[in-house]
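> Sharing my_file_12.pdb, PDB, C-alpha atoms:
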```
ATOM      1  CA  MET B 267     -17.641 -12.338  -0.084
ATOM      2  CA  SER B 268     -13.993 -11.519  -0.574
ATOM      3  CA  PHE B 269     -11.165 -13.307   1.216
ATOM      4  CA  TRP B 270      -9.490  -9.911   1.745
ATOM      5  CA  LYS B 271     -12.534  -8.100   3.206
ATOM      6  CA  ASP B 272     -11.550  -6.356   6.465
ATOM      7  CA  ARG B 273      -8.126  -8.060   6.572
ATOM      8  CA  ASN B 274      -5.058  -6.017   7.476
ATOM      9  CA  VAL B 275      -2.398  -6.161   4.758
ATOM     10  CA  LEU B 276       1.128  -4.738   4.912
ATOM     11  CA  LEU B 277       2.230  -3.832   1.412
ATOM     12  CA  THR B 278       5.809  -2.892   0.589
ATOM     13  CA  GLY B 279       6.771  -1.177  -2.646
ATOM     14  CA  ALA B 280       3.396   0.536  -2.956
ATOM     15  CA  THR B 281       4.763   3.385  -5.084
ATOM     16  CA  GLY B 282       6.056   1.016  -7.770
ATOM     17  CA  PHE B 283       4.216  -0.325 -10.809
ATOM     18  CA  LEU B 284       3.156  -3.611  -9.209
ATOM     19  CA  GLY B 285       2.583  -2.003  -5.813
ATOM     20  CA  VAL B 286       0.032   0.454  -7.196
ATOM     21  CA  TRP B 287      -1.759  -2.350  -9.012
ATOM     22  CA  MET B 288      -1.808  -4.477  -5.842
ATOM     23  CA  THR B 289      -3.026  -1.540  -3.734
ATOM     24  CA  ASP B 290      -5.895  -0.973  -6.142
ATOM     25  CA  ARG B 291      -6.927  -4.638  -6.131
ATOM     26  CA  LEU B 292      -6.710  -5.007  -2.356
ATOM     27  CA  LEU B 293      -8.809  -1.877  -1.826
ATOM     28  CA  ASP B 294     -11.377  -3.175  -4.322
ATOM     29  CA  GLN B 295     -11.541  -6.392  -2.282
ATOM     30  CA  GLY B 296     -12.119  -4.467   0.970
ATOM     31  CA  ALA B 297      -8.712  -4.944   2.614
ATOM     32  CA  ASN B 298      -7.251  -2.531   5.158
ATOM     33  CA  VAL B 299      -3.971  -1.655   3.475
ATOM     34  CA  VAL B 300      -0.899  -0.338   5.265
ATOM     35  CA  ALA B 301       1.594   0.831   2.646
ATOM     36  CA  LEU B 302       5.248   0.932   3.654
ATOM     37  CA  VAL B 303       6.847   3.675   1.552
ATOM     38  CA  ARG B 304      10.617   4.044   1.563
ATOM     39  CA  ASP B 305      10.982   6.877  -0.941
ATOM     40  CA  LEU B 306       8.487   9.626  -1.655
ATOM     41  CA  VAL B 307       7.934   9.575  -5.395
ATOM     42  CA  PRO B 308       5.325  12.304  -6.057
ATOM     43  CA  GLN B 309       4.963  11.395  -9.741
ATOM     44  CA  SER B 310       4.058   7.807  -8.843
ATOM     45  CA  PRO B 311       0.417   6.871  -9.507
ATOM     46  CA  PHE B 312       0.261   5.931  -5.814
ATOM     47  CA  PHE B 313       0.386   9.641  -4.905
ATOM     48  CA  ARG B 314      -0.906  11.117  -8.151
ATOM     49  CA  ASP B 315      -4.115   9.038  -8.070
ATOM     50  CA  GLY B 316      -4.689   9.492  -4.337
ATOM     51  CA  TYR B 317      -4.034   5.977  -3.047
ATOM     52  CA  ASP B 318      -1.980   7.524  -0.247
ATOM     53  CA  ARG B 319      -5.220   9.041   1.071
ATOM     54  CA  ARG B 320      -7.111   5.728   0.887
ATOM     55  CA  VAL B 321      -4.609   3.605   2.817
ATOM     56  CA  THR B 322      -2.493   4.007   5.930
ATOM     57  CA  THR B 323       0.874   5.170   4.627
ATOM     58  CA  VAL B 324       3.970   4.585   6.756
ATOM     59  CA  ARG B 325       7.297   6.088   5.718
ATOM     60  CA  GLY B 326      10.284   3.850   6.392
ATOM     61  CA  CYS B 327      12.123   0.762   5.238
ATOM     62  CA  ILE B 328      11.585  -2.941   5.775
ATOM     63  CA  GLU B 329      14.863  -3.310   7.668
ATOM     64  CA  ASP B 330      13.632  -1.043  10.497
ATOM     65  CA  GLN B 331      12.050  -3.451  12.974
ATOM     66  CA  SER B 332      10.399  -0.705  15.020
ATOM     67  CA  ILE B 333       8.562   0.540  11.916
ATOM     68  CA  ILE B 334       7.306  -2.954  11.120
ATOM     69  CA  GLU B 335       6.081  -3.529  14.668
TER      70      GLU B 335
END
```
Turn the structure described in the file into structure tokens.


Amino acid sequence: MSFWKDRNVLLTGATGFLGVWMTDRLLDQGANVVALVRDLVPQSPFFRDGYDRRVTTVRGCIEDQSIIE
């Protein structure tokens, strides 16, 4: 059984190189991923490979407390 199974995880930087890799691994482990996306980067593997449809995607930045809450 995975440590991450059914755990809620807030992931920042999901559209970047490491963020996409982390999203993939967390989903494989059964985590419920919430991806905080500051900039829409359509050519990013995050969007191109459909991760945005497999996680809860929230548009905003880490400095916005209301978004984080």

> Convert the output of the PyMOL selection byres ((chain B and resi 301-317) around 9) on the shown file into explicit residues, formatted as a PDB file with C-alpha atoms, keeping the file's coordinate frame.


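Writing done, so here's part15.pdb:
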```pdb
ATOM      1  CA  VAL B 275      -2.398  -6.161   4.758  1.00  0.00           C
ATOM      2  CA  LEU B 276       1.128  -4.738   4.912  1.00  0.00           C
ATOM      3  CA  LEU B 277       2.230  -3.832   1.412  1.00  0.00           C
ATOM      4  CA  THR B 278       5.809  -2.892   0.589  1.00  0.00           C
ATOM      5  CA  GLY B 279       6.771  -1.177  -2.646  1.00  0.00           C
ATOM      6  CA  ALA B 280       3.396   0.536  -2.956  1.00  0.00           C
ATOM      7  CA  THR B 281       4.763   3.385  -5.084  1.00  0.00           C
ATOM      8  CA  GLY B 282       6.056   1.016  -7.770  1.00  0.00           C
ATOM      9  CA  PHE B 283       4.216  -0.325 -10.809  1.00  0.00           C
ATOM     10  CA  GLY B 285       2.583  -2.003  -5.813  1.00  0.00           C
ATOM     11  CA  VAL B 286       0.032   0.454  -7.196  1.00  0.00           C
ATOM     12  CA  THR B 289      -3.026  -1.540  -3.734  1.00  0.00           C
ATOM     13  CA  ASP B 290      -5.895  -0.973  -6.142  1.00  0.00           C
ATOM     14  CA  VAL B 299      -3.971  -1.655   3.475  1.00  0.00           C
ATOM     15  CA  VAL B 300      -0.899  -0.338   5.265  1.00  0.00           C
ATOM     16  CA  ASP B 318      -1.980   7.524  -0.247  1.00  0.00           C
ATOM     17  CA  ARG B 319      -5.220   9.041   1.071  1.00  0.00           C
ATOM     18  CA  ARG B 320      -7.111   5.728   0.887  1.00  0.00           C
ATOM     19  CA  VAL B 321      -4.609   3.605   2.817  1.00  0.00           C
ATOM     20  CA  THR B 322      -2.493   4.007   5.930  1.00  0.00           C
ATOM     21  CA  THR B 323       0.874   5.170   4.627  1.00  0.00           C
ATOM     22  CA  VAL B 324       3.970   4.585   6.756  1.00  0.00           C
ATOM     23  CA  ARG B 325       7.297   6.088   5.718  1.00  0.00           C
ATOM     24  CA  GLY B 326      10.284   3.850   6.392  1.00  0.00           C
ATOM     25  CA  CYS B 327      12.123   0.762   5.238  1.00  0.00           C
ATOM     26  CA  ILE B 328      11.585  -2.941   5.775  1.00  0.00           C
ATOM     27  CA  ILE B 333       8.562   0.540  11.916  1.00  0.00           C
ATOM     28  CA  ILE B 334       7.306  -2.954  11.120  1.00  0.00           C
TER      29      ILE B 334
END
```

> In Å, how far is it from CA of Ser268 (chain B) to CA of Asp294 (chain B)?

9.5 Å

> For a test of reading the model, state the distance in Å between CA of Gln295 (chain B) and CA of Asp330 (chain B), rounded to one decimal.

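Computing the Euclidean distance for CA of Gln295 (chain B) and CA of Asp330 (chain B) yields 28.7 Å.
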
> Distance cut-off 8 Å, centre (-12.4, -1.8, 4.1) in file coordinates, counting all atoms listed in the file: which residues qualify? Return them as a ChimeraX atom specification.

/B:271-273,293,295-298

> Add whatever atoms are absent from region 318-334 of chain B to reach N, CA, C and O atoms, and provide the output as a PDB file, in the frame of the given file.


```pdb
ATOM      1  N   ASP B 318      -2.559   7.201  -1.556  1.00  0.00           N
ATOM      2  CA  ASP B 318      -1.980   7.524  -0.247  1.00  0.00           C
ATOM      3  C   ASP B 318      -3.023   8.050   0.724  1.00  0.00           C
ATOM      4  O   ASP B 318      -2.846   7.974   1.936  1.00  0.00           O
ATOM      5  N   ARG B 319      -4.142   8.556   0.213  1.00  0.00           N
ATOM      6  CA  ARG B 319      -5.220   9.041   1.071  1.00  0.00           C
ATOM      7  C   ARG B 319      -6.248   7.954   1.375  1.00  0.00           C
ATOM      8  O   ARG B 319      -7.105   8.139   2.225  1.00  0.00           O
ATOM      9  N   ARG B 320      -6.152   6.827   0.689  1.00  0.00           N
ATOM     10  CA  ARG B 320      -7.111   5.728   0.887  1.00  0.00           C
ATOM     11  C   ARG B 320      -6.551   4.595   1.743  1.00  0.00           C
ATOM     12  O   ARG B 320      -7.295   3.694   2.132  1.00  0.00           O
ATOM     13  N   VAL B 321      -5.258   4.638   2.011  1.00  0.00           N
ATOM     14  CA  VAL B 321      -4.609   3.605   2.817  1.00  0.00           C
ATOM     15  C   VAL B 321      -3.856   4.285   3.958  1.00  0.00           C
ATOM     16  O   VAL B 321      -3.691   5.500   3.971  1.00  0.00           O
ATOM     17  N   THR B 322      -3.390   3.491   4.895  1.00  0.00           N
ATOM     18  CA  THR B 322      -2.493   4.007   5.930  1.00  0.00           C
ATOM     19  C   THR B 322      -1.085   3.942   5.360  1.00  0.00           C
ATOM     20  O   THR B 322      -0.600   2.862   5.022  1.00  0.00           O
ATOM     21  N   THR B 323      -0.464   5.105   5.207  1.00  0.00           N
ATOM     22  CA  THR B 323       0.874   5.170   4.627  1.00  0.00           C
ATOM     23  C   THR B 323       1.895   5.381   5.737  1.00  0.00           C
ATOM     24  O   THR B 323       1.765   6.302   6.538  1.00  0.00           O
ATOM     25  N   VAL B 324       2.904   4.502   5.763  1.00  0.00           N
ATOM     26  CA  VAL B 324       3.970   4.585   6.756  1.00  0.00           C
ATOM     27  C   VAL B 324       5.276   4.785   6.000  1.00  0.00           C
ATOM     28  O   VAL B 324       5.589   4.033   5.080  1.00  0.00           O
ATOM     29  N   ARG B 325       6.016   5.815   6.379  1.00  0.00           N
ATOM     30  CA  ARG B 325       7.297   6.088   5.718  1.00  0.00           C
ATOM     31  C   ARG B 325       8.406   5.378   6.477  1.00  0.00           C
ATOM     32  O   ARG B 325       8.545   5.535   7.693  1.00  0.00           O
ATOM     33  N   GLY B 326       9.179   4.566   5.770  1.00  0.00           N
ATOM     34  CA  GLY B 326      10.284   3.850   6.392  1.00  0.00           C
ATOM     35  C   GLY B 326      10.764   2.726   5.497  1.00  0.00           C
ATOM     36  O   GLY B 326      10.358   2.627   4.339  1.00  0.00           O
ATOM     37  N   CYS B 327      11.624   1.874   6.035  1.00  0.00           N
ATOM     38  CA  CYS B 327      12.123   0.762   5.238  1.00  0.00           C
ATOM     39  C   CYS B 327      11.917  -0.548   5.994  1.00  0.00           C
ATOM     40  O   CYS B 327      11.780  -0.578   7.217  1.00  0.00           O
ATOM     41  N   ILE B 328      11.889  -1.605   5.259  1.00  0.00           N
ATOM     42  CA  ILE B 328      11.585  -2.941   5.775  1.00  0.00           C
ATOM     43  C   ILE B 328      12.606  -3.412   6.796  1.00  0.00           C
ATOM     44  O   ILE B 328      12.289  -4.224   7.670  1.00  0.00           O
ATOM     45  N   GLU B 329      13.814  -2.886   6.738  1.00  0.00           N
ATOM     46  CA  GLU B 329      14.863  -3.310   7.668  1.00  0.00           C
ATOM     47  C   GLU B 329      14.697  -2.708   9.066  1.00  0.00           C
ATOM     48  O   GLU B 329      15.363  -3.134   9.995  1.00  0.00           O
ATOM     49  N   ASP B 330      13.837  -1.724   9.216  1.00  0.00           N
ATOM     50  CA  ASP B 330      13.632  -1.043  10.497  1.00  0.00           C
ATOM     51  C   ASP B 330      12.554  -1.784  11.294  1.00  0.00           C
ATOM     52  O   ASP B 330      11.363  -1.608  11.069  1.00  0.00           O
ATOM     53  N   GLN B 331      12.977  -2.610  12.230  1.00  0.00           N
ATOM     54  CA  GLN B 331      12.050  -3.451  12.974  1.00  0.00           C
ATOM     55  C   GLN B 331      10.986  -2.653  13.718  1.00  0.00           C
ATOM     56  O   GLN B 331       9.846  -3.058  13.790  1.00  0.00           O
ATOM     57  N   SER B 332      11.368  -1.504  14.271  1.00  0.00           N
ATOM     58  CA  SER B 332      10.399  -0.705  15.020  1.00  0.00           C
ATOM     59  C   SER B 332       9.269  -0.185  14.126  1.00  0.00           C
ATOM     60  O   SER B 332       8.123  -0.087  14.554  1.00  0.00           O
ATOM     61  N   ILE B 333       9.595   0.113  12.878  1.00  0.00           N
ATOM     62  CA  ILE B 333       8.562   0.540  11.916  1.00  0.00           C
ATOM     63  C   ILE B 333       7.605  -0.617  11.639  1.00  0.00           C
ATOM     64  O   ILE B 333       6.391  -0.442  11.613  1.00  0.00           O
ATOM     65  N   ILE B 334       8.131  -1.798  11.436  1.00  0.00           N
ATOM     66  CA  ILE B 334       7.306  -2.954  11.120  1.00  0.00           C
ATOM     67  C   ILE B 334       6.398  -3.326  12.287  1.00  0.00           C
ATOM     68  O   ILE B 334       5.242  -3.688  12.106  1.00  0.00           O
TER      69      ILE B 334
END
```
